[in-house]
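Shown here: query_36.cif, mmCIF, C-alpha atoms and all ligand atoms.
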data_run
loop_
_atom_site.group_PDB
_atom_site.id
_atom_site.type_symbol
_atom_site.label_atom_id
_atom_site.label_comp_id
_atom_site.auth_asym_id
_atom_site.auth_seq_id
_atom_site.Cartn_x
_atom_site.Cartn_y
_atom_site.Cartn_z
ATOM 1 C CA MET A 123 0.084 -35.194 -14.686
ATOM 2 C CA GLU A 124 3.741 -34.319 -14.915
ATOM 3 C CA LEU A 125 4.071 -35.645 -18.453
ATOM 4 C CA ASP A 126 1.062 -33.597 -19.537
ATOM 5 C CA PHE A 127 2.462 -30.522 -17.923
ATOM 6 C CA VAL A 128 5.889 -30.894 -19.474
ATOM 7 C CA ALA A 129 4.355 -31.698 -22.869
ATOM 8 C CA SER A 130 2.156 -28.620 -22.726
ATOM 9 C CA LEU A 131 5.149 -26.589 -21.649
ATOM 10 C CA LEU A 132 7.236 -27.839 -24.547
ATOM 11 C CA SER A 133 4.488 -27.301 -27.089
ATOM 12 C CA ARG A 134 4.133 -23.697 -26.019
ATOM 13 C CA ILE A 135 7.788 -22.688 -26.185
ATOM 14 C CA PRO A 136 8.473 -20.878 -29.462
ATOM 15 C CA ALA A 137 11.460 -22.140 -31.478
ATOM 16 C CA ASP A 138 14.537 -19.990 -30.942
ATOM 17 C CA PRO A 139 17.782 -19.864 -32.942
ATOM 18 C CA ARG A 140 19.737 -19.583 -29.679
ATOM 19 C CA LEU A 141 18.844 -23.207 -28.900
ATOM 20 C CA GLU A 142 20.864 -25.740 -30.896
ATOM 21 C CA VAL A 143 19.051 -28.527 -29.047
ATOM 22 C CA PRO A 144 15.656 -27.322 -27.817
ATOM 23 C CA PRO A 145 14.005 -28.390 -24.564
ATOM 24 C CA GLY A 146 12.712 -31.966 -24.515
ATOM 25 C CA ASP A 147 16.065 -33.728 -24.643
ATOM 26 C CA ASP A 148 18.065 -34.625 -21.535
ATOM 27 C CA ALA A 149 19.373 -31.097 -21.576
ATOM 28 C CA ALA A 150 19.162 -28.112 -23.895
ATOM 29 C CA VAL A 151 22.158 -26.874 -25.887
ATOM 30 C CA LEU A 152 22.669 -23.127 -26.227
ATOM 31 C CA ARG A 153 24.609 -21.411 -28.973
ATOM 32 C CA PRO A 154 26.629 -18.842 -27.047
ATOM 33 C CA PRO A 155 26.752 -15.480 -28.827
ATOM 34 C CA ALA A 156 30.198 -14.940 -30.371
ATOM 35 C CA GLU A 157 32.604 -12.774 -28.381
ATOM 36 C CA ARG A 158 30.332 -12.456 -25.377
ATOM 37 C CA ARG A 159 30.573 -13.646 -21.800
ATOM 38 C CA THR A 160 27.857 -15.748 -20.150
ATOM 39 C CA VAL A 161 26.086 -14.295 -17.115
ATOM 40 C CA VAL A 162 24.123 -16.695 -14.866
ATOM 41 C CA THR A 163 21.712 -15.945 -12.048
ATOM 42 C CA VAL A 164 19.150 -17.939 -10.048
ATOM 43 C CA ASP A 165 16.285 -16.990 -7.755
ATOM 44 C CA MET A 166 13.777 -19.043 -5.778
ATOM 45 C CA LEU A 167 10.316 -17.952 -4.674
ATOM 46 C CA MET A 168 8.413 -19.777 -1.947
ATOM 47 C CA GLU A 169 4.701 -19.531 -1.236
ATOM 48 C CA GLY A 170 4.195 -18.100 2.224
ATOM 49 C CA VAL A 171 7.501 -16.235 2.130
ATOM 50 C CA ASP A 172 7.663 -14.401 -1.184
ATOM 51 C CA PHE A 173 3.970 -14.447 -2.069
ATOM 52 C CA ILE A 174 0.602 -15.714 -0.873
ATOM 53 C CA LEU A 175 -1.752 -17.142 -3.484
ATOM 54 C CA ASP A 176 -5.033 -15.269 -3.082
ATOM 55 C CA GLU A 177 -7.364 -13.048 -5.110
ATOM 56 C CA ALA A 178 -4.630 -10.405 -5.430
ATOM 57 C CA CYS A 179 -1.985 -12.887 -6.525
ATOM 58 C CA ASP A 180 -2.744 -15.465 -9.199
ATOM 59 C CA PRO A 181 -0.272 -18.053 -10.537
ATOM 60 C CA ARG A 182 0.325 -15.944 -13.646
ATOM 61 C CA LEU A 183 1.737 -13.159 -11.498
ATOM 62 C CA VAL A 184 3.948 -15.622 -9.602
ATOM 63 C CA GLY A 185 5.359 -16.945 -12.891
ATOM 64 C CA HIS A 186 5.888 -13.401 -14.080
ATOM 65 C CA LYS A 187 7.683 -12.418 -10.884
ATOM 66 C CA ALA A 188 9.863 -15.523 -10.794
ATOM 67 C CA LEU A 189 11.286 -14.642 -14.215
ATOM 68 C CA ALA A 190 11.238 -10.866 -13.664
ATOM 69 C CA VAL A 191 13.483 -10.949 -10.583
ATOM 70 C CA ASN A 192 16.085 -12.882 -12.581
ATOM 71 C CA LEU A 193 15.802 -10.406 -15.452
ATOM 72 C CA SER A 194 16.309 -7.600 -12.958
ATOM 73 C CA ASP A 195 19.584 -9.202 -11.855
ATOM 74 C CA LEU A 196 20.660 -9.532 -15.494
ATOM 75 C CA ALA A 197 19.793 -5.841 -15.989
ATOM 76 C CA ALA A 198 21.945 -4.954 -12.969
ATOM 77 C CA MET A 199 24.868 -6.642 -14.752
ATOM 78 C CA ALA A 200 24.085 -4.921 -18.097
ATOM 79 C CA ALA A 201 23.543 -8.412 -19.523
ATOM 80 C CA ARG A 202 21.273 -9.178 -22.479
ATOM 81 C CA PRO A 203 18.706 -11.858 -21.564
ATOM 82 C CA GLU A 204 19.282 -15.108 -23.501
ATOM 83 C CA ALA A 205 17.755 -18.217 -21.917
ATOM 84 C CA ALA A 206 16.065 -19.459 -18.757
ATOM 85 C CA VAL A 207 15.262 -22.802 -17.139
ATOM 86 C CA VAL A 208 12.412 -23.285 -14.672
ATOM 87 C CA ALA A 209 12.073 -25.694 -11.744
ATOM 88 C CA VAL A 210 8.770 -25.947 -9.874
ATOM 89 C CA ALA A 211 7.503 -27.882 -6.887
ATOM 90 C CA LEU A 212 3.720 -27.872 -7.305
ATOM 91 C CA PRO A 213 1.304 -28.708 -4.510
ATOM 92 C CA ARG A 214 -0.567 -31.896 -5.499
ATOM 93 C CA ARG A 215 -3.936 -30.245 -4.976
ATOM 94 C CA GLY A 216 -4.612 -27.879 -7.868
ATOM 95 C CA GLY A 217 -1.105 -28.312 -9.182
ATOM 96 C CA ASP A 218 -2.110 -28.693 -12.810
ATOM 97 C CA SER A 219 -3.945 -25.383 -13.205
ATOM 98 C CA LEU A 220 -1.323 -23.743 -10.998
ATOM 99 C CA GLY A 221 1.431 -24.949 -13.312
ATOM 100 C CA ARG A 222 -0.398 -23.701 -16.397
ATOM 101 C CA GLY A 223 -0.916 -20.302 -14.806
ATOM 102 C CA LEU A 224 2.753 -20.049 -13.888
ATOM 103 C CA LEU A 225 3.708 -20.886 -17.447
ATOM 104 C CA ASP A 226 1.326 -18.240 -18.846
ATOM 105 C CA GLY A 227 3.079 -15.587 -16.789
ATOM 106 C CA ILE A 228 6.567 -16.845 -17.628
ATOM 107 C CA LEU A 229 5.953 -17.136 -21.377
ATOM 108 C CA ALA A 230 4.339 -13.701 -21.664
ATOM 109 C CA LEU A 231 7.285 -11.982 -19.996
ATOM 110 C CA ALA A 232 9.822 -14.141 -21.856
ATOM 111 C CA ALA A 233 8.326 -13.039 -25.187
ATOM 112 C CA GLU A 234 8.283 -9.417 -24.112
ATOM 113 C CA GLN A 235 11.903 -9.424 -22.926
ATOM 114 C CA GLY A 236 13.395 -11.652 -25.619
ATOM 115 C CA ILE A 237 14.499 -14.533 -23.384
ATOM 116 C CA THR A 238 13.956 -18.129 -24.517
ATOM 117 C CA LEU A 239 12.909 -21.016 -22.286
ATOM 118 C CA ALA A 240 15.522 -23.762 -22.488
ATOM 119 C CA GLY A 241 13.813 -26.299 -20.253
ATOM 120 C CA GLY A 242 12.394 -27.102 -16.884
ATOM 121 C CA ASP A 243 11.663 -29.620 -14.184
ATOM 122 C CA THR A 244 8.301 -30.236 -12.558
ATOM 123 C CA ASN A 245 7.701 -31.974 -9.234
ATOM 124 C CA ALA A 246 4.559 -32.454 -7.175
ATOM 125 C CA TRP A 247 4.530 -32.671 -3.395
ATOM 126 C CA ASP A 248 2.418 -32.001 -0.332
ATOM 127 C CA GLY A 249 4.163 -28.716 0.382
ATOM 128 C CA PRO A 250 3.428 -25.223 -0.907
ATOM 129 C CA LEU A 251 4.379 -23.867 -4.325
ATOM 130 C CA VAL A 252 8.095 -23.327 -4.868
ATOM 131 C CA ILE A 253 9.465 -21.989 -8.136
ATOM 132 C CA SER A 254 13.079 -21.406 -9.055
ATOM 133 C CA ILE A 255 14.264 -19.897 -12.325
ATOM 134 C CA THR A 256 17.832 -19.789 -13.566
ATOM 135 C CA ALA A 257 18.474 -17.162 -16.215
ATOM 136 C CA VAL A 258 21.387 -16.858 -18.609
ATOM 137 C CA GLY A 259 22.447 -13.586 -20.181
ATOM 138 C CA SER A 260 25.371 -12.341 -22.210
ATOM 139 C CA VAL A 261 27.640 -9.325 -22.125
ATOM 140 C CA PRO A 262 30.730 -8.218 -24.060
ATOM 141 C CA PRO A 263 33.995 -9.225 -22.304
ATOM 142 C CA GLY A 264 34.835 -6.902 -19.415
ATOM 143 C CA ARG A 265 31.594 -4.934 -19.816
ATOM 144 C CA ALA A 266 29.441 -6.445 -17.074
ATOM 145 C CA TRP A 267 28.416 -3.883 -14.456
ATOM 146 C CA ARG A 268 29.748 -4.824 -11.055
ATOM 147 C CA ARG A 269 29.134 -3.643 -7.522
ATOM 148 C CA ASP A 270 32.743 -2.852 -6.716
ATOM 149 C CA GLY A 271 33.614 -0.059 -9.147
ATOM 150 C CA ALA A 272 32.108 3.107 -7.594
ATOM 151 C CA ARG A 273 34.620 5.940 -7.147
ATOM 152 C CA PRO A 274 34.587 9.116 -5.057
ATOM 153 C CA GLY A 275 33.134 11.856 -7.224
ATOM 154 C CA ASP A 276 30.639 9.547 -8.959
ATOM 155 C CA LEU A 277 26.986 10.475 -8.757
ATOM 156 C CA LEU A 278 24.329 7.953 -7.705
ATOM 157 C CA VAL A 279 21.390 7.519 -10.052
ATOM 158 C CA VAL A 280 18.217 5.509 -9.529
ATOM 159 C CA SER A 281 15.612 4.552 -12.119
ATOM 160 C CA GLY A 282 11.877 4.977 -11.570
ATOM 161 C CA ALA A 283 10.665 5.534 -8.018
ATOM 162 C CA CYS A 284 10.808 3.547 -4.795
ATOM 163 C CA GLY A 285 8.578 2.525 -1.898
ATOM 164 C CA GLY A 286 5.234 0.872 -1.337
ATOM 165 C CA SER A 287 5.898 -2.038 -3.690
ATOM 166 C CA LEU A 288 3.745 -4.326 -1.509
ATOM 167 C CA LEU A 289 0.683 -2.619 -2.986
ATOM 168 C CA GLY A 290 1.273 -4.669 -6.152
ATOM 169 C CA ARG A 291 4.561 -3.756 -7.835
ATOM 170 C CA HIS A 292 6.358 -6.517 -5.880
ATOM 171 C CA LEU A 293 4.456 -8.969 -8.112
ATOM 172 C CA ALA A 294 4.009 -6.976 -11.322
ATOM 173 C CA VAL A 295 7.780 -6.428 -11.478
ATOM 174 C CA VAL A 296 9.017 -4.464 -14.493
ATOM 175 C CA PRO A 297 12.670 -5.464 -15.010
ATOM 176 C CA ARG A 298 14.830 -2.637 -16.367
ATOM 177 C CA CYS A 299 16.561 -4.720 -19.050
ATOM 178 C CA ARG A 300 16.057 -2.389 -22.017
ATOM 179 C CA GLU A 301 17.089 0.619 -19.990
ATOM 180 C CA ALA A 302 20.247 -1.134 -18.768
ATOM 181 C CA LEU A 303 21.312 -2.158 -22.280
ATOM 182 C CA ALA A 304 20.628 1.333 -23.660
ATOM 183 C CA ILE A 305 22.640 2.914 -20.846
ATOM 184 C CA ALA A 306 25.511 0.446 -21.244
ATOM 185 C CA ASP A 307 25.683 1.440 -24.930
ATOM 186 C CA ARG A 308 25.839 5.154 -24.267
ATOM 187 C CA PHE A 309 27.253 5.851 -20.809
ATOM 188 C CA PRO A 310 30.104 4.678 -18.601
ATOM 189 C CA VAL A 311 28.758 3.016 -15.448
ATOM 190 C CA HIS A 312 31.231 2.371 -12.632
ATOM 191 C CA ALA A 313 29.004 0.233 -10.394
ATOM 192 C CA ALA A 314 25.441 -1.075 -10.388
ATOM 193 C CA ILE A 315 22.923 -3.046 -8.340
ATOM 194 C CA ASP A 316 19.175 -3.617 -8.591
ATOM 195 C CA VAL A 317 17.005 -2.496 -5.694
ATOM 196 C CA SER A 318 15.579 -5.780 -4.463
ATOM 197 C CA ASP A 319 15.793 -5.492 -0.688
ATOM 198 C CA GLY A 320 15.545 -1.752 -0.046
ATOM 199 C CA LEU A 321 17.123 1.370 -1.557
ATOM 200 C CA SER A 322 19.225 2.151 1.517
ATOM 201 C CA LEU A 323 20.231 -1.494 2.072
ATOM 202 C CA ASP A 324 21.179 -2.092 -1.562
ATOM 203 C CA LEU A 325 23.017 1.253 -1.654
ATOM 204 C CA SER A 326 25.011 0.178 1.398
ATOM 205 C CA ARG A 327 25.896 -3.082 -0.411
ATOM 206 C CA LEU A 328 27.080 -1.112 -3.444
ATOM 207 C CA MET A 329 29.200 1.177 -1.281
ATOM 208 C CA GLN A 330 30.611 -1.669 0.792
ATOM 209 C CA ALA A 331 31.646 -3.594 -2.328
ATOM 210 C CA SER A 332 33.289 -0.459 -3.729
ATOM 211 C CA GLY A 333 34.990 0.545 -0.457
ATOM 212 C CA THR A 334 33.282 3.942 -0.619
ATOM 213 C CA ALA A 335 30.622 5.957 1.193
ATOM 214 C CA ALA A 336 27.510 7.716 -0.089
ATOM 215 C CA VAL A 337 25.931 11.076 0.654
ATOM 216 C CA ILE A 338 22.300 11.050 -0.426
ATOM 217 C CA ASP A 339 19.963 14.034 -0.709
ATOM 218 C CA LEU A 340 16.736 13.069 1.014
ATOM 219 C CA ALA A 341 14.762 15.637 -0.982
ATOM 220 C CA ALA A 342 15.947 14.013 -4.225
ATOM 221 C CA ILE A 343 14.802 10.439 -3.490
ATOM 222 C CA PRO A 344 12.083 9.579 -6.043
ATOM 223 C CA ILE A 345 9.118 8.475 -3.934
ATOM 224 C CA HIS A 346 6.593 6.219 -5.646
ATOM 225 C CA PRO A 347 2.901 7.155 -5.305
ATOM 226 C CA ASP A 348 2.453 3.727 -3.661
ATOM 227 C CA ALA A 349 4.776 4.875 -0.856
ATOM 228 C CA ASN A 350 2.474 7.834 -0.257
ATOM 229 C CA ARG A 351 -0.537 5.537 -0.284
ATOM 230 C CA MET A 352 1.050 3.137 2.208
ATOM 231 C CA ALA A 353 2.086 5.954 4.534
ATOM 232 C CA GLY A 354 -1.524 7.123 4.434
ATOM 233 C CA ILE A 355 -2.895 3.799 5.675
ATOM 234 C CA PRO A 356 -4.124 4.311 9.263
ATOM 235 C CA GLY A 357 -1.605 2.877 11.727
ATOM 236 C CA ASP A 358 1.232 2.729 9.200
ATOM 237 C CA GLY A 359 3.253 5.248 11.170
ATOM 238 C CA ARG A 360 5.986 5.618 8.558
ATOM 239 C CA SER A 361 6.742 8.440 6.155
ATOM 240 C CA PRO A 362 6.651 8.030 2.355
ATOM 241 C CA LEU A 363 10.432 8.692 2.374
ATOM 242 C CA ASP A 364 10.955 5.892 4.884
ATOM 243 C CA HIS A 365 9.016 3.518 2.630
ATOM 244 C CA ALA A 366 11.126 4.597 -0.351
ATOM 245 C CA LEU A 367 14.375 3.978 1.537
ATOM 246 C CA ALA A 368 13.520 0.667 3.162
ATOM 247 C CA ASP A 369 10.631 -1.240 1.513
ATOM 248 C CA GLY A 370 12.510 -2.997 -1.277
ATOM 249 C CA GLU A 371 11.197 -5.089 -4.179
ATOM 250 C CA ASP A 372 11.267 -1.955 -6.328
ATOM 251 C CA PHE A 373 13.582 -3.693 -8.834
ATOM 252 C CA GLU A 374 14.951 -0.358 -9.988
ATOM 253 C CA LEU A 375 18.529 0.174 -11.130
ATOM 254 C CA LEU A 376 20.940 1.967 -8.800
ATOM 255 C CA LEU A 377 24.038 3.183 -10.645
ATOM 256 C CA ALA A 378 27.285 4.963 -9.755
ATOM 257 C CA MET A 379 28.466 7.014 -12.735
ATOM 258 C CA PRO A 380 30.849 9.857 -13.590
ATOM 259 C CA ALA A 381 29.082 13.091 -12.602
ATOM 260 C CA ALA A 382 28.658 14.562 -16.098
ATOM 261 C CA ASP A 383 27.265 11.268 -17.453
ATOM 262 C CA ALA A 384 24.884 10.886 -14.516
ATOM 263 C CA ARG A 385 23.492 14.380 -15.129
ATOM 264 C CA ARG A 386 23.144 13.677 -18.830
ATOM 265 C CA LEU A 387 21.352 10.378 -18.129
ATOM 266 C CA ALA A 388 18.946 12.105 -15.732
ATOM 267 C CA VAL A 389 18.064 14.594 -18.490
ATOM 268 C CA GLU A 390 17.987 12.172 -21.429
ATOM 269 C CA ALA A 391 16.207 9.322 -19.721
ATOM 270 C CA VAL A 392 13.070 10.207 -21.599
ATOM 271 C CA ASP A 393 14.617 8.234 -24.483
ATOM 272 C CA LEU A 394 15.028 5.137 -22.324
ATOM 273 C CA ALA A 395 11.580 3.604 -22.641
ATOM 274 C CA GLY A 396 10.229 6.626 -20.787
ATOM 275 C CA THR A 397 11.779 5.502 -17.513
ATOM 276 C CA PRO A 398 12.952 8.482 -15.439
ATOM 277 C CA PHE A 399 16.420 8.471 -13.885
ATOM 278 C CA THR A 400 17.156 10.639 -10.860
ATOM 279 C CA VAL A 401 20.442 11.734 -9.297
ATOM 280 C CA ILE A 402 20.053 11.003 -5.575
ATOM 281 C CA GLY A 403 23.520 11.716 -4.217
ATOM 282 C CA GLU A 404 27.231 11.237 -4.599
ATOM 283 C CA VAL A 405 29.982 8.783 -3.812
ATOM 284 C CA VAL A 406 32.633 9.973 -1.352
ATOM 285 C CA GLU A 407 35.586 8.448 0.443
ATOM 286 C CA GLY A 408 34.846 6.517 3.627
ATOM 287 C CA ALA A 409 32.171 4.039 4.616
ATOM 288 C CA GLY A 410 28.426 4.092 5.256
ATOM 289 C CA ILE A 411 25.651 6.406 4.135
ATOM 290 C CA LEU A 412 25.141 10.042 5.090
ATOM 291 C CA ALA A 413 21.694 11.532 4.540
ATOM 292 C CA ARG A 414 21.606 15.224 3.666
ATOM 293 C CA ALA A 415 18.415 17.068 4.590
ATOM 294 C CA ALA A 416 16.965 19.996 2.647
ATOM 295 C CA ASP A 417 18.649 22.467 5.064
ATOM 296 C CA GLY A 418 22.073 20.984 4.263
ATOM 297 C CA SER A 419 22.553 19.186 7.595
ATOM 298 C CA THR A 420 23.748 15.578 7.412
ATOM 299 C CA ALA A 421 23.209 12.537 9.603
ATOM 300 C CA ALA A 422 24.283 8.901 9.359
ATOM 301 C CA LEU A 423 21.611 6.707 7.769
ATOM 302 C CA ALA A 424 21.307 3.121 8.955
ATOM 303 C CA PRO A 425 20.608 0.912 5.941
ATOM 304 C CA ARG A 426 17.287 -0.872 6.248
ATOM 305 C CA GLY A 427 15.440 -3.354 4.112
ATOM 306 C CA TYR A 428 14.524 -6.987 3.767
ATOM 307 C CA GLU A 429 17.014 -9.613 4.881
ATOM 308 C CA HIS A 430 16.397 -13.347 4.960
ATOM 309 C CA ALA A 431 16.550 -14.549 8.546
ATOM 310 C CA PHE A 432 18.435 -17.628 9.660
ATOM 311 C CA THR A 433 18.777 -19.339 12.995
ATOM 312 C CA GLY A 434 21.126 -22.048 14.176
HETATM 313 MG MG MG B 1 20.309 -8.164 -7.474
#
Could you write out this file's structure as structure tokens?
Amino acid sequence: MELDFVASLLSRIPADPRLEVPPGDDAAVLRPPAERRTVVTVDMLMEGVDFILDEACDPRLVGHKALAVNLSDLAAMAARPEAAVVAVALPRRGGDSLGRGLLDGILALAAEQGITLAGGDTNAWDGPLVISITAVGSVPPGRAWRRDGARPGDLLVVSGACGGSLLGRHLAVVPRCREALAIADRFPVHAAIDVSDGLSLDLSRLMQASGTAAVIDLAAIPIHPDANRMAGIPGDGRSPLDHALADGEDFELLLAMPAADARRLAVEAVDLAGTPFTVIGEVVEGAGILARAADGSTAALAPRGYEHAFTG
């Protein structure tokens, strides 16, 4: 089974000039782009934790998501996607069709985002599906966006809208790679992160890394229609704004930029693949997050979102 799977995988990977030795050898050999730095990121998804295979979630979507979350991290570094390798642990029962579905989702997104598959490893076991993708990107020297560069006076900008991702966007992730590269070409960005665990939690990480604080305007937070839908579910008991601040898996870009550039980006974003960018607040001296209400009053905001739990 494994040989078949690997052979079908190999036969379906389009040739790519970035691969000096394509997959199928002991290892692939990449041609690094001249005068660029290599950016590497890895992410693992586990059935039962990150997704549940059911009618709403087929293997294609899992493959798509496994690559998309890596692409989102590359976007948050302003890195151009180059190559990815895939490792899967397939459950023995149904593993073959599962593996093919995963590959469908991975290859479709790889073609769309211009990343080549450089290889993979397939295992079968009696456990649930586990898939881990490592992605490689490239960026000009010194031009990677980092978390630690926000400065007082910067404005905070977020792409798209947040909240309610569990209604489907947590699987059908749209990584903001094109937007990030277009912005990196045209605007100075002092600090960046992608919103994976929750807007307020990821904002607090950005501010902590930069040694700064944030004041956000609650009325400015772009709330996704899914956040409204979730808040409307009987028994939900949370506001759309709360969903937007804490749900996570939005995979939007959160940027700290010089004020004039942030305002220009928010106006010009229509050129960036149609993705809207919204100014949600400013960077100030200090620590933590202050939330400013419509009446101008402020209150400390405790960052909330998804955190992996450990014991022992
Ligand atoms: Mg990230």
For ligand MG 1 (chain B), collect every residue having any atom at a distance of at most 12 Å from a ligand atom (counting all atoms listed in the file); output as an mmCIF file with C-alpha atoms, in the frame of the given file.
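The new file selection-v8.cif reads:
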data_model
loop_
_atom_site.group_PDB
_atom_site.id
_atom_site.type_symbol
_atom_site.label_atom_id
_atom_site.label_comp_id
_atom_site.auth_asym_id
_atom_site.auth_seq_id
_atom_site.Cartn_x
_atom_site.Cartn_y
_atom_site.Cartn_z
ATOM 1 C CA VAL A 162 24.123 -16.695 -14.866
ATOM 2 C CA THR A 163 21.712 -15.945 -12.048
ATOM 3 C CA VAL A 164 19.150 -17.939 -10.048
ATOM 4 C CA ASP A 165 16.285 -16.990 -7.755
ATOM 5 C CA ALA A 190 11.238 -10.866 -13.664
ATOM 6 C CA VAL A 191 13.483 -10.949 -10.583
ATOM 7 C CA ASN A 192 16.085 -12.882 -12.581
ATOM 8 C CA LEU A 193 15.802 -10.406 -15.452
ATOM 9 C CA SER A 194 16.309 -7.600 -12.958
ATOM 10 C CA ASP A 195 19.584 -9.202 -11.855
ATOM 11 C CA LEU A 196 20.660 -9.532 -15.494
ATOM 12 C CA ALA A 197 19.793 -5.841 -15.989
ATOM 13 C CA ALA A 198 21.945 -4.954 -12.969
ATOM 14 C CA MET A 199 24.868 -6.642 -14.752
ATOM 15 C CA ALA A 200 24.085 -4.921 -18.097
ATOM 16 C CA TRP A 267 28.416 -3.883 -14.456
ATOM 17 C CA ARG A 268 29.748 -4.824 -11.055
ATOM 18 C CA ARG A 269 29.134 -3.643 -7.522
ATOM 19 C CA PRO A 297 12.670 -5.464 -15.010
ATOM 20 C CA ARG A 298 14.830 -2.637 -16.367
ATOM 21 C CA ALA A 314 25.441 -1.075 -10.388
ATOM 22 C CA ILE A 315 22.923 -3.046 -8.340
ATOM 23 C CA ASP A 316 19.175 -3.617 -8.591
ATOM 24 C CA VAL A 317 17.005 -2.496 -5.694
ATOM 25 C CA SER A 318 15.579 -5.780 -4.463
ATOM 26 C CA ASP A 319 15.793 -5.492 -0.688
ATOM 27 C CA GLY A 320 15.545 -1.752 -0.046
ATOM 28 C CA LEU A 321 17.123 1.370 -1.557
ATOM 29 C CA LEU A 323 20.231 -1.494 2.072
ATOM 30 C CA ASP A 324 21.179 -2.092 -1.562
ATOM 31 C CA LEU A 325 23.017 1.253 -1.654
ATOM 32 C CA ARG A 327 25.896 -3.082 -0.411
ATOM 33 C CA LEU A 328 27.080 -1.112 -3.444
ATOM 34 C CA GLY A 370 12.510 -2.997 -1.277
ATOM 35 C CA GLU A 371 11.197 -5.089 -4.179
ATOM 36 C CA ASP A 372 11.267 -1.955 -6.328
ATOM 37 C CA PHE A 373 13.582 -3.693 -8.834
ATOM 38 C CA GLU A 374 14.951 -0.358 -9.988
ATOM 39 C CA LEU A 375 18.529 0.174 -11.130
ATOM 40 C CA LEU A 376 20.940 1.967 -8.800
#
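As for atom CA of Glu407 of chain A and atom CA of Pro274 of chain A, they are spaced 5.6 Å apart.
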Which residues, named as in the file, does the PyMOL selection byres (((chain A and resi 333) around 9) and not hetatm) pick out? Answer as a PDB file with C-alpha atoms, keeping the file's coordinate frame.
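Result written to result_36.pdb:
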ATOM      1  CA  ASP A 270      32.743  -2.852  -6.716  1.00  0.00           C
ATOM      2  CA  GLY A 271      33.614  -0.059  -9.147  1.00  0.00           C
ATOM      3  CA  ALA A 272      32.108   3.107  -7.594  1.00  0.00           C
ATOM      4  CA  ARG A 273      34.620   5.940  -7.147  1.00  0.00           C
ATOM      5  CA  LEU A 328      27.080  -1.112  -3.444  1.00  0.00           C
ATOM      6  CA  MET A 329      29.200   1.177  -1.281  1.00  0.00           C
ATOM      7  CA  GLN A 330      30.611  -1.669   0.792  1.00  0.00           C
ATOM      8  CA  ALA A 331      31.646  -3.594  -2.328  1.00  0.00           C
ATOM      9  CA  SER A 332      33.289  -0.459  -3.729  1.00  0.00           C
ATOM     10  CA  THR A 334      33.282   3.942  -0.619  1.00  0.00           C
ATOM     11  CA  ALA A 335      30.622   5.957   1.193  1.00  0.00           C
ATOM     12  CA  GLU A 407      35.586   8.448   0.443  1.00  0.00           C
ATOM     13  CA  GLY A 408      34.846   6.517   3.627  1.00  0.00           C
ATOM     14  CA  ALA A 409      32.171   4.039   4.616  1.00  0.00           C
TER      15      ALA A 409
END
A:Gly236, A:Pro344, A:Gly357, A:Gly403 ranked by distance to Leu278 of chain A, top pick (using all atoms listed in the file): A:Gly403
Quick one: everything within 9 Å of Ala413 of chain A, counting only C-alpha atoms, minus sequence neighbours fewer than 2 positions away in the same chain. Send it as a short mmCIF file (atom, residue, chain, number, x, y, z; two decimals) with C-alpha atoms, keeping the file's coordinate frame.
data_model
loop_
_atom_site.label_atom_id
_atom_site.label_comp_id
_atom_site.auth_asym_id
_atom_site.auth_seq_id
_atom_site.Cartn_x
_atom_site.Cartn_y
_atom_site.Cartn_z
CA ALA A 336 27.51 7.72 -0.09
CA VAL A 337 25.93 11.08 0.65
CA ILE A 338 22.30 11.05 -0.43
CA ASP A 339 19.96 14.03 -0.71
CA LEU A 340 16.74 13.07 1.01
CA GLY A 403 23.52 11.72 -4.22
CA ILE A 411 25.65 6.41 4.14
CA ALA A 415 18.42 17.07 4.59
CA SER A 419 22.55 19.19 7.60
CA THR A 420 23.75 15.58 7.41
CA ALA A 421 23.21 12.54 9.60
CA ALA A 422 24.28 8.90 9.36
CA LEU A 423 21.61 6.71 7.77
#
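Nearest to Ile253 of chain A of all the residues A:Val171, A:Val151, A:Val210, A:Ile305 is A:Val210, counting all atoms listed in the file.
Residues with any atom within 9 Å of Asp180 of chain A, counting all atoms listed in the file and excluding same-chain neighbours fewer than 5 positions away, are Ile174, Leu175, Leu220, Gly223 and Leu224 of chain A.
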I need the output of the PyMOL selection byres (((chain A and resi 173) around 10) and not hetatm) for this file as number ranges by chain; which residues are they? A: 167-172, 174-176, 179-180, 183-184, 187, 251, 292-293
